[in-house]
Structure formats: C-alpha cells, structure tokens
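With compact mmCIF, C-alpha atoms and all ligand atoms inside, this is input_30.txt:
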# COMPACT_ATOMS: atom_id res chain seq x y z
CA MET A 1 118.08 48.61 -77.46
CA ILE A 2 114.87 50.35 -78.43
CA LEU A 3 111.79 48.66 -79.88
CA SER A 4 109.93 50.96 -82.30
CA ILE A 5 106.47 50.63 -83.79
CA GLU A 6 105.05 52.26 -86.95
CA SER A 7 101.34 52.09 -87.81
CA SER A 8 100.49 55.59 -89.08
CA CYS A 9 98.95 54.42 -92.36
CA ASP A 10 99.02 51.12 -94.25
CA ASP A 11 102.31 49.58 -93.11
CA SER A 12 102.67 47.60 -89.88
CA ALA A 13 106.32 47.64 -88.87
CA ILE A 14 108.51 47.01 -85.81
CA SER A 15 112.24 47.52 -85.43
CA ILE A 16 114.91 46.96 -82.79
CA THR A 17 117.75 49.48 -82.85
CA SER A 18 120.96 49.55 -80.82
CA ILE A 19 121.27 52.76 -78.79
CA GLU A 20 125.05 52.53 -78.69
CA THR A 21 125.81 51.81 -82.36
CA ASN A 22 122.62 52.84 -84.26
CA LYS A 23 122.66 49.35 -85.69
CA LEU A 24 119.35 48.00 -86.94
CA LEU A 25 119.11 44.62 -85.24
CA PHE A 26 115.63 43.65 -86.39
CA HIS A 27 113.15 45.10 -88.84
CA LYS A 28 109.96 43.63 -90.16
CA LYS A 29 107.25 45.36 -92.13
CA ILE A 30 103.95 43.98 -93.34
CA SER A 31 102.50 46.19 -96.05
CA GLN A 32 98.77 46.33 -96.72
CA GLU A 33 99.10 47.74 -100.23
CA ILE A 34 97.45 44.74 -101.90
CA ASP A 35 94.52 44.82 -99.49
CA HIS A 36 93.80 48.47 -100.28
CA SER A 37 94.58 48.35 -104.00
CA VAL A 38 91.07 47.23 -104.97
CA TYR A 39 89.72 50.42 -103.39
CA GLY A 40 92.28 52.70 -105.08
CA GLY A 41 93.38 54.13 -101.72
CA VAL A 42 93.73 53.36 -98.02
CA VAL A 43 90.50 52.40 -96.21
CA PRO A 44 91.15 53.42 -92.57
CA GLU A 45 88.92 50.82 -90.88
CA LEU A 46 90.44 48.01 -92.91
CA ALA A 47 93.93 49.33 -92.19
CA ALA A 48 93.23 49.34 -88.45
CA ARG A 49 91.95 45.75 -88.53
CA LEU A 50 95.02 44.61 -90.46
CA HIS A 51 97.37 46.34 -87.99
CA ALA A 52 95.60 44.57 -85.11
CA GLU A 53 96.45 41.30 -86.83
CA ALA A 54 99.99 42.06 -88.06
CA LEU A 55 101.57 43.96 -85.14
CA PRO A 56 101.21 41.19 -82.52
CA ASN A 57 102.62 38.71 -85.04
CA ILE A 58 105.74 40.82 -85.57
CA LEU A 59 106.03 41.58 -81.87
CA GLU A 60 106.16 37.89 -81.07
CA GLN A 61 109.34 37.62 -83.16
CA CYS A 62 110.94 40.34 -81.01
CA GLU A 63 110.64 38.36 -77.77
CA PRO A 64 114.36 37.42 -77.64
CA TYR A 65 115.17 41.14 -77.33
CA PHE A 66 112.68 41.94 -74.55
CA ASP A 67 115.11 41.77 -71.62
CA LYS A 68 117.53 44.13 -73.40
CA LEU A 69 115.03 46.89 -74.15
CA LYS A 70 115.71 50.30 -72.60
CA ALA A 71 112.69 52.05 -74.19
CA VAL A 72 109.75 51.58 -76.53
CA ALA A 73 109.06 54.13 -79.28
CA VAL A 74 106.00 54.62 -81.45
CA THR A 75 104.74 56.93 -84.18
CA SER A 76 102.11 59.06 -82.45
CA THR A 77 101.65 61.81 -85.08
CA PRO A 78 100.64 62.45 -87.88
CA GLY A 79 98.60 59.74 -89.54
CA LEU A 80 95.21 58.06 -89.51
CA ALA A 81 93.67 58.22 -86.03
CA VAL A 82 92.36 54.65 -86.11
CA THR A 83 95.72 53.20 -87.16
CA LEU A 84 97.98 55.38 -84.96
CA ILE A 85 96.02 54.19 -81.93
CA GLU A 86 96.92 50.57 -82.67
CA GLY A 87 100.66 51.24 -82.39
CA VAL A 88 100.37 53.64 -79.45
CA THR A 89 98.23 51.21 -77.43
CA MET A 90 100.71 48.41 -78.07
CA ALA A 91 103.67 50.64 -77.11
CA LYS A 92 101.99 51.70 -73.86
CA ALA A 93 101.32 48.08 -72.95
CA ILE A 94 104.98 47.19 -73.57
CA ALA A 95 106.16 50.19 -71.54
CA VAL A 96 104.01 49.10 -68.58
CA ALA A 97 104.84 45.39 -68.86
CA LEU A 98 108.61 45.90 -69.13
CA ASN A 99 108.71 49.04 -66.97
CA ILE A 100 110.63 51.04 -69.59
CA PRO A 101 110.15 54.61 -70.86
CA LEU A 102 107.91 55.50 -73.77
CA ILE A 103 108.95 57.72 -76.70
CA GLY A 104 106.32 59.29 -78.99
CA VAL A 105 107.84 59.93 -82.43
CA ASN A 106 106.69 62.32 -85.15
CA HIS A 107 106.41 60.36 -88.40
CA LEU A 108 107.77 63.28 -90.46
CA VAL A 109 110.90 63.43 -88.30
CA GLY A 110 111.06 59.69 -88.92
CA HIS A 111 111.21 60.28 -92.66
CA ILE A 112 114.05 62.78 -92.16
CA TYR A 113 115.93 60.20 -90.08
CA SER A 114 115.44 57.56 -92.79
CA LEU A 115 118.58 59.22 -94.18
CA PHE A 116 120.55 58.19 -91.10
CA ILE A 117 119.62 54.54 -90.52
CA GLU A 118 122.78 52.86 -89.16
CA LYS A 119 124.57 56.19 -89.69
CA GLU A 120 125.44 59.40 -87.88
CA THR A 121 123.22 62.43 -88.49
CA ILE A 122 124.22 65.25 -90.84
CA PHE A 123 122.91 68.72 -89.98
CA PRO A 124 122.07 71.40 -91.05
CA LEU A 125 120.01 70.08 -93.88
CA THR A 126 117.32 71.32 -96.24
CA VAL A 127 114.74 68.57 -96.74
CA LEU A 128 112.01 68.02 -99.31
CA LEU A 129 109.50 65.55 -97.90
CA VAL A 130 107.27 64.00 -100.55
CA SER A 131 104.90 61.31 -99.31
CA GLY A 132 101.29 60.25 -99.56
CA GLY A 133 100.30 62.70 -96.85
CA HIS A 134 102.83 65.51 -97.15
CA THR A 135 104.73 67.76 -99.52
CA GLN A 136 106.89 70.15 -97.60
CA VAL A 137 110.29 71.77 -97.44
CA MET A 138 111.98 71.89 -94.04
CA GLU A 139 115.12 73.49 -92.67
CA VAL A 140 116.55 71.02 -90.17
CA LYS A 141 119.19 72.29 -87.75
CA SER A 142 118.87 69.47 -85.24
CA LEU A 143 116.36 67.00 -83.86
CA ARG A 144 114.61 69.81 -81.97
CA GLU A 145 115.00 72.59 -84.52
CA ILE A 146 112.93 71.80 -87.58
CA THR A 147 111.19 74.60 -89.46
CA THR A 148 108.73 74.07 -92.29
CA VAL A 149 109.33 76.73 -94.93
CA ALA A 150 106.90 75.57 -97.64
CA LYS A 151 104.05 73.10 -97.86
CA SER A 152 101.16 71.97 -99.99
CA MET A 153 97.94 73.93 -99.86
CA ASP A 154 95.89 70.88 -100.90
CA ASP A 155 96.88 67.42 -102.19
CA SER A 156 100.37 66.05 -101.68
CA PHE A 157 102.79 64.99 -104.41
CA GLY A 158 102.38 61.24 -103.67
CA GLU A 159 98.62 61.58 -103.28
CA SER A 160 98.36 63.17 -106.73
CA PHE A 161 100.11 60.11 -108.19
CA ASP A 162 97.66 57.87 -106.31
CA LYS A 163 94.61 59.82 -107.50
CA CYS A 164 95.77 60.05 -111.13
CA ALA A 165 96.58 56.32 -111.14
CA LYS A 166 93.07 55.62 -109.84
CA MET A 167 91.58 57.69 -112.70
CA MET A 168 93.57 55.61 -115.18
CA GLY A 169 92.48 52.40 -113.48
CA LEU A 170 96.07 51.44 -112.63
CA GLY A 171 95.64 50.53 -108.94
CA TYR A 172 97.30 51.61 -105.68
CA PRO A 173 99.84 52.89 -104.75
CA GLY A 174 99.94 55.06 -107.84
CA GLY A 175 103.53 56.32 -107.62
CA PRO A 176 105.40 53.26 -108.90
CA LEU A 177 102.59 52.46 -111.38
CA ILE A 178 102.65 55.92 -112.97
CA GLN A 179 106.46 55.97 -112.97
CA ASN A 180 106.45 52.68 -114.83
CA LEU A 181 103.83 53.73 -117.37
CA ALA A 182 105.54 57.11 -117.90
CA LYS A 183 108.80 55.43 -119.00
CA ASP A 184 107.48 54.91 -122.54
CA GLY A 185 105.39 58.07 -122.69
CA ASP A 186 105.98 61.51 -124.19
CA ARG A 187 106.49 64.02 -121.37
CA LEU A 188 105.62 66.96 -123.63
CA LYS A 189 102.49 65.48 -125.25
CA HIS A 190 100.06 67.08 -122.79
CA ASN A 191 100.74 70.68 -122.01
CA PHE A 192 99.47 70.70 -118.41
CA THR A 193 99.88 74.02 -116.60
CA VAL A 194 102.55 74.09 -113.90
CA PRO A 195 100.68 74.79 -110.63
CA LEU A 196 101.18 78.25 -109.07
CA HIS A 197 103.70 79.17 -111.77
CA GLN A 198 102.68 82.82 -111.69
CA SER A 199 102.40 83.03 -107.94
CA PRO A 200 105.26 84.48 -105.89
CA LEU A 201 104.31 82.09 -103.08
CA ILE A 202 106.72 79.31 -102.23
CA ALA A 203 104.03 76.71 -101.71
CA PHE A 204 102.68 73.68 -103.50
CA SER A 205 99.32 72.70 -104.96
CA TYR A 206 98.30 69.56 -106.82
CA SER A 207 94.51 69.71 -107.03
CA GLY A 208 94.47 71.76 -110.27
CA LEU A 209 96.93 69.43 -112.02
CA LYS A 210 94.85 66.46 -110.86
CA ASN A 211 91.78 67.96 -112.53
CA ALA A 212 93.68 68.66 -115.76
CA VAL A 213 94.73 64.99 -115.78
CA ARG A 214 91.11 63.97 -115.19
CA LEU A 215 90.02 65.84 -118.33
CA ALA A 216 92.85 64.30 -120.38
CA VAL A 217 91.88 60.82 -119.13
CA ILE A 218 88.23 61.40 -120.13
CA GLU A 219 89.38 62.43 -123.64
CA GLU A 220 91.67 59.42 -123.95
CA GLU A 221 88.88 57.06 -122.87
CA LYS A 222 86.85 58.13 -125.89
CA LYS A 223 89.44 56.49 -128.14
CA GLU A 224 89.02 52.93 -129.35
CA GLU A 225 92.23 51.80 -127.68
CA PRO A 226 92.99 54.23 -124.85
CA ASN A 227 96.63 54.43 -123.78
CA PHE A 228 97.55 56.54 -120.79
CA LYS A 229 101.33 56.50 -121.12
CA ASP A 230 101.63 60.05 -122.49
CA ILE A 231 99.29 61.40 -119.82
CA ALA A 232 101.33 59.60 -117.14
CA ALA A 233 104.61 60.97 -118.54
CA SER A 234 103.30 64.53 -118.92
CA PHE A 235 101.77 64.43 -115.44
CA GLU A 236 105.00 63.16 -113.85
CA HIS A 237 106.92 65.87 -115.70
CA ILE A 238 104.69 68.75 -114.59
CA ALA A 239 104.25 67.43 -111.02
CA THR A 240 108.05 67.39 -110.73
CA LYS A 241 108.56 70.69 -112.55
CA HIS A 242 106.28 72.34 -109.99
CA LEU A 243 108.62 71.20 -107.21
CA THR A 244 111.81 72.21 -109.00
CA MET A 245 110.45 75.65 -110.00
CA LYS A 246 109.47 76.49 -106.43
CA LEU A 247 112.74 75.14 -105.05
CA LYS A 248 114.69 77.21 -107.59
CA LYS A 249 112.89 80.29 -106.31
CA TYR A 250 113.58 79.30 -102.70
CA PHE A 251 117.28 78.69 -103.40
CA LYS A 252 117.66 82.32 -104.59
CA THR A 253 117.53 83.47 -100.98
CA ASN A 254 118.45 80.22 -99.23
CA LYS A 255 121.43 78.61 -100.88
CA PRO A 256 121.33 74.85 -100.35
CA LYS A 257 124.47 73.14 -99.05
CA THR A 258 123.15 69.74 -98.13
CA PHE A 259 119.77 68.87 -99.59
CA ALA A 260 117.73 65.72 -99.06
CA ILE A 261 114.59 64.19 -100.53
CA VAL A 262 112.69 61.85 -98.21
CA GLY A 263 109.30 60.11 -98.04
CA GLY A 264 107.68 57.37 -100.10
CA ALA A 265 107.64 59.45 -103.30
CA SER A 266 111.37 60.22 -103.00
CA ALA A 267 111.78 56.83 -104.69
CA ASN A 268 110.66 58.51 -107.93
CA LEU A 269 113.57 58.35 -110.35
CA TYR A 270 112.52 61.29 -112.53
CA LEU A 271 112.18 63.49 -109.43
CA ARG A 272 115.62 62.37 -108.22
CA SER A 273 117.25 63.21 -111.56
CA GLN A 274 115.55 66.61 -111.85
CA ILE A 275 116.54 67.61 -108.30
CA GLN A 276 120.11 66.48 -108.99
CA GLU A 277 120.10 68.78 -112.02
CA LEU A 278 118.72 71.66 -109.96
CA LEU A 279 121.44 71.29 -107.31
CA ARG A 280 124.34 71.11 -109.79
CA PRO A 281 125.00 74.88 -110.12
CA HIS A 282 124.88 75.20 -106.32
CA ASN A 283 127.46 72.47 -105.77
CA ALA A 284 125.13 71.10 -103.12
CA THR A 285 125.22 67.53 -101.86
CA LEU A 286 122.09 65.43 -102.39
CA LEU A 287 121.21 62.92 -99.67
CA LEU A 288 118.72 60.14 -100.34
CA SER A 289 117.41 57.32 -98.19
CA GLU A 290 117.99 53.75 -99.25
CA LEU A 291 115.08 52.76 -101.51
CA GLN A 292 113.78 50.23 -98.96
CA TYR A 293 113.50 53.01 -96.34
CA CYS A 294 111.81 55.69 -98.50
CA SER A 295 108.32 54.37 -97.79
CA ASP A 296 106.95 53.99 -94.27
CA ASN A 297 108.99 51.74 -92.00
CA ALA A 298 109.96 51.30 -88.35
CA ALA A 299 113.73 51.50 -88.92
CA MET A 300 113.45 55.28 -89.37
CA ILE A 301 111.29 55.58 -86.23
CA GLY A 302 113.94 53.59 -84.34
CA ARG A 303 116.70 55.89 -85.55
CA VAL A 304 114.86 59.00 -84.30
CA ALA A 305 114.10 57.18 -81.06
CA VAL A 306 117.82 56.61 -80.40
CA ASP A 307 118.48 60.37 -80.57
CA MET A 308 115.34 61.13 -78.52
CA TYR A 309 116.46 58.59 -75.89
CA LYS A 310 119.87 60.23 -75.64
CA ALA A 311 118.17 63.64 -75.31
CA LYS A 312 115.81 62.17 -72.67
CA MET A 313 112.78 63.16 -74.74
CA PHE A 314 110.38 60.70 -73.10
CA SER A 315 106.60 60.75 -73.18
CA ASN A 316 104.37 60.42 -70.18
CA LEU A 317 102.37 57.20 -70.27
CA ASN A 318 99.11 59.00 -69.46
CA ASP A 319 99.75 62.01 -71.68
CA LEU A 320 100.94 60.43 -74.91
CA ASP A 321 98.00 60.74 -77.25
CA ILE A 322 97.66 60.32 -80.97
CA ALA A 323 97.60 63.51 -83.06
CA PRO A 324 96.38 62.80 -86.61
CA LYS A 325 97.67 66.21 -87.77
CA SER A 326 101.36 67.04 -87.42
CA ASN A 327 102.64 70.18 -85.74
CA LEU A 328 105.95 70.37 -87.62
O1 LIG B 401 105.97 57.82 -97.10
P1 LIG B 401 104.92 56.92 -97.59
O2 LIG B 401 105.21 55.44 -97.64
O3 LIG B 401 103.59 57.08 -96.79
C1 LIG B 401 103.18 58.30 -96.24
O4 LIG B 401 103.74 58.71 -95.21
O5 LIG B 401 102.30 58.92 -96.89
O6 LIG B 401 104.53 57.44 -99.06
C2 LIG B 401 103.60 56.77 -99.85
C3 LIG B 401 103.38 57.60 -101.10
C4 LIG B 401 102.22 57.09 -101.97
O7 LIG B 401 101.42 58.20 -102.31
C5 LIG B 401 102.92 56.52 -103.19
O8 LIG B 401 102.16 56.58 -104.38
C6 LIG B 401 104.14 57.40 -103.28
O9 LIG B 401 104.56 57.55 -101.94
N1 LIG B 401 105.21 56.79 -104.09
C7 LIG B 401 105.67 57.32 -105.25
C8 LIG B 401 106.63 56.43 -105.75
N2 LIG B 401 106.75 55.39 -104.87
C9 LIG B 401 105.87 55.64 -103.86
N3 LIG B 401 105.31 58.45 -105.88
C10 LIG B 401 105.92 58.72 -107.06
N4 LIG B 401 106.86 57.90 -107.62
C11 LIG B 401 107.24 56.75 -107.00
N5 LIG B 401 108.15 55.96 -107.56
ZN ZN B 402 105.31 58.31 -94.40

I'd like the structure from this file rewritten - as structure tokens, please.
Ligand code: KG4
Ligand code: ZN
Amino acid sequence: MILSIESSCDDSAISITSIETNKLLFHKKISQEIDHSVYGGVVPELAARLHAEALPNILEQCEPYFDKLKAVAVTSTPGLAVTLIEGVTMAKAIAVALNIPLIGVNHLVGHIYSLFIEKETIFPLTVLLVSGGHTQVMEVKSLREITTVAKSMDDSFGESFDKCAKMMGLGYPGGPLIQNLAKDGDRLKHNFTVPLHQSPLIAFSYSGLKNAVRLAVIEEEKKEEPNFKDIAASFEHIATKHLTMKLKKYFKTNKPKTFAIVGGASANLYLRSQIQELLRPHNATLLLSELQYCSDNAAMIGRVAVDMYKAKMFSNLNDLDIAPKSNL
C-alpha cells in the first residue's frame, strides 16, 4: 500500500491505495474553503496553519495501515510554497520513520490520474485541465510523456470564476456559486468579448474578460436592486466559449480520439455540455473524473503514486524539494 499526502492549496488530504489492485482503501480530506471564504480567496499563511492542524489528525487515522506501507507519496509541485512544505515535511518524516521510499508527485499529473482512481489508465489522451491555478491542454502518451500544447497567459479558468464571484460579493470558491447563479440568468444579456478570438494563437487569457465583468458589476450596482444573474450567465458562457473556440482550432490539426476534462472547474456542468457538443462531430470519447475527485484530493495523488512506484520513480530524501511552479 502507498500513503499519499496532498497539501498544495486549501485541502488537507491523505489516502491509502493498494499497489496491486489500485483500490482506494482510505481517503480523507479536510477542506478549508469556509475558512478562506471571508477573504474571497486562499490566504497562504492561514492555509499552512490549517494544514499543520488537519494533516496529523488524518494521519492518526491511518495508523492501522502503517506496517503495510511500501512507500509514501506527496504532492511536491506545483502549489503554494508554504502549504506544499507541510505535506513534504510530513512525508519525509514518515519515510524515515518507516524506512520506506518517498515519491514526489506533480499535482497536475494527479489531476490527470483523477480519471483513473480504482481503474486502469487509458492512453493516449488529450486533456483539458481547468483548475484554480491552471488552464492548459496536454497531450498525454504515458506517465512520463506529457506535453503541454496550450496554456493560459494570465488568470486561469477557475480563478476567473473566483475573482468574478468576489466582485459580485458571492464568496469563495466562486465556481459553484457562479454556476448556481447563472442557472436563472440570460447567457446572451451581456455581450462580453471572447478572449483572443482574433488571435491565431492557441492559448488562453482571462484577465480581459474579468475586467469586462468588473465594469458590468459596477453598472449593475448602480441599480436599486442589483441582480448579478445575467452577468454570471454571460460570463460563464463566454469563459466557456473561449475554451471551445480554441479547442476547435486545435482539433483541426490534432483530431481528438479520447478527450478528458480534469481539475476543480471540470465540475462545471455548462463546460461539460459544451465540450460534449464540440466532440460530437469527431466521434471522440469524453472522460470525466467522478465529481468528488474533480477538486483537489489525495486519491488522485495515490493513483499516480502506484504507477510511479511500479516504474521505480522514487525521490531522494535529501533532494526532494517543493517547487511552487510546475514544469509540465
Ligand atoms: O483543482 P482545484 O480543486 O484546485 C486547484 O488545483 O486549483 O480547483 C479549484 C477551482 C476553483 O477556482 C473553483 O472556483 C473551481 O475550481 N471550480 C469551478 C466549479 N467548481 C470548482 N469552476 C467553475 N464551475 C464549477 N462548478
Ligand atoms: Zn488542483
């Protein structure tokens, strides 16, 4: 079995995964969303303090598995430096105490493997990762062969939901809150410009859309009874259209066969339906993670760790360092 730790942002999570069967034997996650919601975003110092409290509590519950552990895995990149260090320090201590190897896992690879929890892997795969920190398209041939073919030049898809929700005073995380508000809104009410729509680049950008939403929010606030549902719906529509337009362009030269959406924002239902629509003429299969594993968790880190263990991709105890920026 492998014990895996995730602390890259605002979720403290630990899992135990069977190396032989991929079975998830234990998984517990303590989310800090409520603690950060008053600030409208994650406060790194607070997140670190909360991890220091939550991780040992979860670890205690894993004690019955200790004598069966063959390795300990941990997210070491990318993420917030002060929160990554909490998990990595704990993993190193476990590796020393139990005399087992250490596996440093890339969080983005973790999101890809959220598709394969308790399952076999399916490769090759074209993946759209949409999270709070990332918006990128990757061609995945295997665990070791992952190429990023497009990414955001500024804000990420999930982050733009968080920032727009903050402007509307909705709270954090913004994704589910905007999705909910958008349900009753008119998607065509606000004619926001689709980012980079005239650019030949296959890349993403959300800072311009965010500013357009800011102006619309300011206008709406002037009304006696402001209601942000149309802004939320129009924003969600254009934020998604930006992704589908760039993917459509990409598919002209790179026909998708198996396509997946992963990351916290892959829970977005409008995005899921629009991507499904986009894939229809290509007869491509759409893979999605279970809703409970879209956002950050340790089950996905454990699933990567099983494949890394089998490939003997171990980290040196002295060398494994945190890397806040990813190199994927
Ligand atoms: O993957 P994740 O849990 O953390 C990172 O690795 O960043 O993703 C969190 C992000 C947040 O920005 C959150 O607002 C967004 O995912 N999110 C959504 C939805 N649910 C979560 N964005 C849009 N629609 C949703 N339904
Ligand atoms: Zn994530």

Original post:
What separation in Å, quoted to one decimal, exists between atom CA of A:Lys68 and atom CA of A:His111?
Top reply: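 Computed distance, atom CA of A:Lys68 to atom CA of A:His111, equals 25.9 Å.
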
**OP:** Kindly compile the residues surrounding ligand ZN 402 (chain B) within 7 Å, counting only C-alpha atoms and all ligand atoms, and format them as a PyMOL selection string.
**Re:** chain A and resi 107-108+111+131-132+263-264+295-296

Subject >> All residues 9 Å or closer to A:Leu196, all atoms listed in the file, same chain fewer than 4 positions away omitted, as a ChimeraX atom specification >> reply: /A:200-205,242,246

Determine the axis-aligned bounding box of all atoms of ligand LIG 401 (chain B) present in the file, pad each side by 8 Å, and express its centre and edge lengths in Å to one decimal place as lines of an AutoDock Vina configuration file.
center_x = 104.8
center_y = 57.2
center_z = -101.4
size_x = 22.7
size_y = 19.5
size_z = 28.4

Subject >> Selected residue of minimal separation from A:Lys151 among A:Leu243, A:Val109, A:Ser37, A:Phe116, counting only C-alpha atoms >> reply: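 Ranking A:Leu243, A:Val109, A:Ser37, A:Phe116 by distance to A:Lys151, first place goes to A:Leu243.
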
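For ligand LIG 401 (chain B), the set of protein, DNA and RNA residues within 7 Å, based on only C-alpha atoms and all ligand atoms, reads Cys9, Ser131, Gly132, Gly133, His134, Gly158, Glu159, Phe161, Asp162, Pro173, Gly174, Gly175, Pro176, Gln179, Gly263, Gly264, Ala265, Ser266, Ala267, Asn268, Leu269, Cys294, Ser295 and Asp296 of chain A.
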
**OP:** Counting all atoms listed in the file, figure out which residue out of A:Phe259, A:Tyr39, A:Phe228, A:Tyr309 gets nearest to A:Leu125.
**Re:**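 With all atoms listed in the file as the atom set, the closest residue is A:Phe259.
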
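We find atom CA of A:Asp154 and atom CA of A:Val194 to be spaced 15.0 Å apart.
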
Original post:
Any idea what's packed within 10 Å of A:Ile117, counting all atoms listed in the file, ignoring anything in its chain fewer than 3 positions away? Could you give it as a count of residues only?
Top reply: 17

Subject >> Atomic separation - atom CA of A:Leu188 relative to atom CA of A:His237, Å >> reply: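 These atoms are spaced 8.1 Å apart.
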
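Of the listed residues (A:Pro226, A:Pro256, A:Pro195, A:Pro64), A:Pro195 comes nearest to A:Thr240; the distances count all atoms listed in the file.
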
Subject >> Nearest candidate to A:Val213 (options A:Ala182, A:Met167, A:Leu247, A:Leu80; using only C-alpha atoms) >> reply: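 Using only C-alpha atoms, the shortest distance to A:Val213 belongs to A:Met167.
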
What does stretch 163-256 of chain A look like written to a file with C-alpha atoms, as a CSV table (one decimal), in the first residue's frame?
chain,number,residue,atom,x,y,z
A,163,LYS,CA,-12.4,36.7,-8.9
A,164,CYS,CA,-15.8,37.4,-10.6
A,165,ALA,CA,-17.6,35.9,-7.7
A,166,LYS,CA,-15.7,38.1,-5.3
A,167,MET,CA,-16.7,41.2,-7.3
A,168,MET,CA,-20.3,40.1,-7.0
A,169,GLY,CA,-19.9,39.5,-3.3
A,170,LEU,CA,-20.8,35.8,-3.6
A,171,GLY,CA,-17.9,34.3,-1.6
A,172,TYR,CA,-15.3,31.6,-2.3
A,173,PRO,CA,-14.9,29.3,-4.2
A,174,GLY,CA,-16.6,31.2,-7.0
A,175,GLY,CA,-17.1,28.3,-9.4
A,176,PRO,CA,-20.1,26.6,-7.9
A,177,LEU,CA,-21.5,29.9,-6.8
A,178,ILE,CA,-21.4,31.4,-10.3
A,179,GLN,CA,-22.7,28.2,-11.8
A,180,ASN,CA,-25.7,28.3,-9.5
A,181,LEU,CA,-26.4,32.0,-10.0
A,182,ALA,CA,-26.0,31.6,-13.8
A,183,LYS,CA,-28.8,28.9,-14.0
A,184,ASP,CA,-31.5,31.6,-14.0
A,185,GLY,CA,-29.6,34.1,-16.0
A,186,ASP,CA,-29.6,35.2,-19.6
A,187,ARG,CA,-26.3,34.0,-21.2
A,188,LEU,CA,-26.7,36.5,-24.1
A,189,LYS,CA,-27.6,39.6,-22.0
A,190,HIS,CA,-24.0,40.9,-21.7
A,191,ASN,CA,-22.1,40.8,-24.9
A,192,PHE,CA,-18.6,40.2,-23.4
A,193,THR,CA,-15.8,39.8,-26.0
A,194,VAL,CA,-14.5,36.3,-26.4
A,195,PRO,CA,-10.8,36.5,-25.3
A,196,LEU,CA,-8.2,36.2,-28.1
A,197,HIS,CA,-10.9,35.5,-30.7
A,198,GLN,CA,-8.9,37.2,-33.4
A,199,SER,CA,-5.6,35.7,-32.4
A,200,PRO,CA,-4.2,32.7,-34.3
A,201,LEU,CA,-2.6,31.6,-31.0
A,202,ILE,CA,-3.9,28.5,-29.3
A,203,ALA,CA,-3.6,29.9,-25.8
A,204,PHE,CA,-6.0,31.2,-23.1
A,205,SER,CA,-6.4,34.5,-21.3
A,206,TYR,CA,-9.0,35.5,-18.7
A,207,SER,CA,-7.8,38.9,-17.4
A,208,GLY,CA,-9.6,40.9,-20.1
A,209,LEU,CA,-12.9,39.1,-19.5
A,210,LYS,CA,-12.5,39.6,-15.8
A,211,ASN,CA,-12.2,43.4,-16.3
A,212,ALA,CA,-15.3,43.4,-18.6
A,213,VAL,CA,-17.2,41.6,-15.8
A,214,ARG,CA,-15.9,44.2,-13.3
A,215,LEU,CA,-17.4,47.1,-15.4
A,216,ALA,CA,-20.7,45.2,-15.8
A,217,VAL,CA,-20.8,44.7,-12.0
A,218,ILE,CA,-20.2,48.4,-11.3
A,219,GLU,CA,-23.1,49.3,-13.7
A,220,GLU,CA,-25.4,46.8,-12.0
A,221,GLU,CA,-24.5,48.1,-8.6
A,222,LYS,CA,-25.9,51.5,-9.6
A,223,LYS,CA,-29.4,49.9,-9.8
A,224,GLU,CA,-31.8,50.0,-6.8
A,225,GLU,CA,-32.0,46.2,-6.7
A,226,PRO,CA,-28.8,44.8,-8.3
A,227,ASN,CA,-29.1,41.3,-9.6
A,228,PHE,CA,-26.0,39.6,-11.0
A,229,LYS,CA,-27.6,36.5,-12.5
A,230,ASP,CA,-27.3,37.7,-16.1
A,231,ILE,CA,-23.7,38.8,-15.6
A,232,ALA,CA,-22.9,35.4,-14.1
A,233,ALA,CA,-24.6,33.6,-17.0
A,234,SER,CA,-23.0,35.7,-19.7
A,235,PHE,CA,-19.6,35.4,-18.0
A,236,GLU,CA,-19.9,31.6,-17.8
A,237,HIS,CA,-20.9,31.4,-21.4
A,238,ILE,CA,-18.0,33.5,-22.7
A,239,ALA,CA,-15.4,31.9,-20.4
A,240,THR,CA,-16.5,28.5,-21.8
A,241,LYS,CA,-16.8,29.7,-25.4
A,242,HIS,CA,-13.2,30.9,-25.2
A,243,LEU,CA,-12.1,27.3,-24.4
A,244,THR,CA,-14.3,25.6,-27.0
A,245,MET,CA,-13.2,28.1,-29.8
A,246,LYS,CA,-9.5,27.4,-29.1
A,247,LEU,CA,-10.1,23.7,-28.8
A,248,LYS,CA,-12.0,23.7,-32.1
A,249,LYS,CA,-9.0,25.4,-33.7
A,250,TYR,CA,-6.6,22.9,-32.1
A,251,PHE,CA,-8.7,19.9,-33.3
A,252,LYS,CA,-8.3,21.0,-36.9
A,253,THR,CA,-4.7,19.7,-36.9
A,254,ASN,CA,-5.0,17.3,-33.9
A,255,LYS,CA,-8.1,15.2,-34.1
A,256,PRO,CA,-9.2,14.1,-30.7
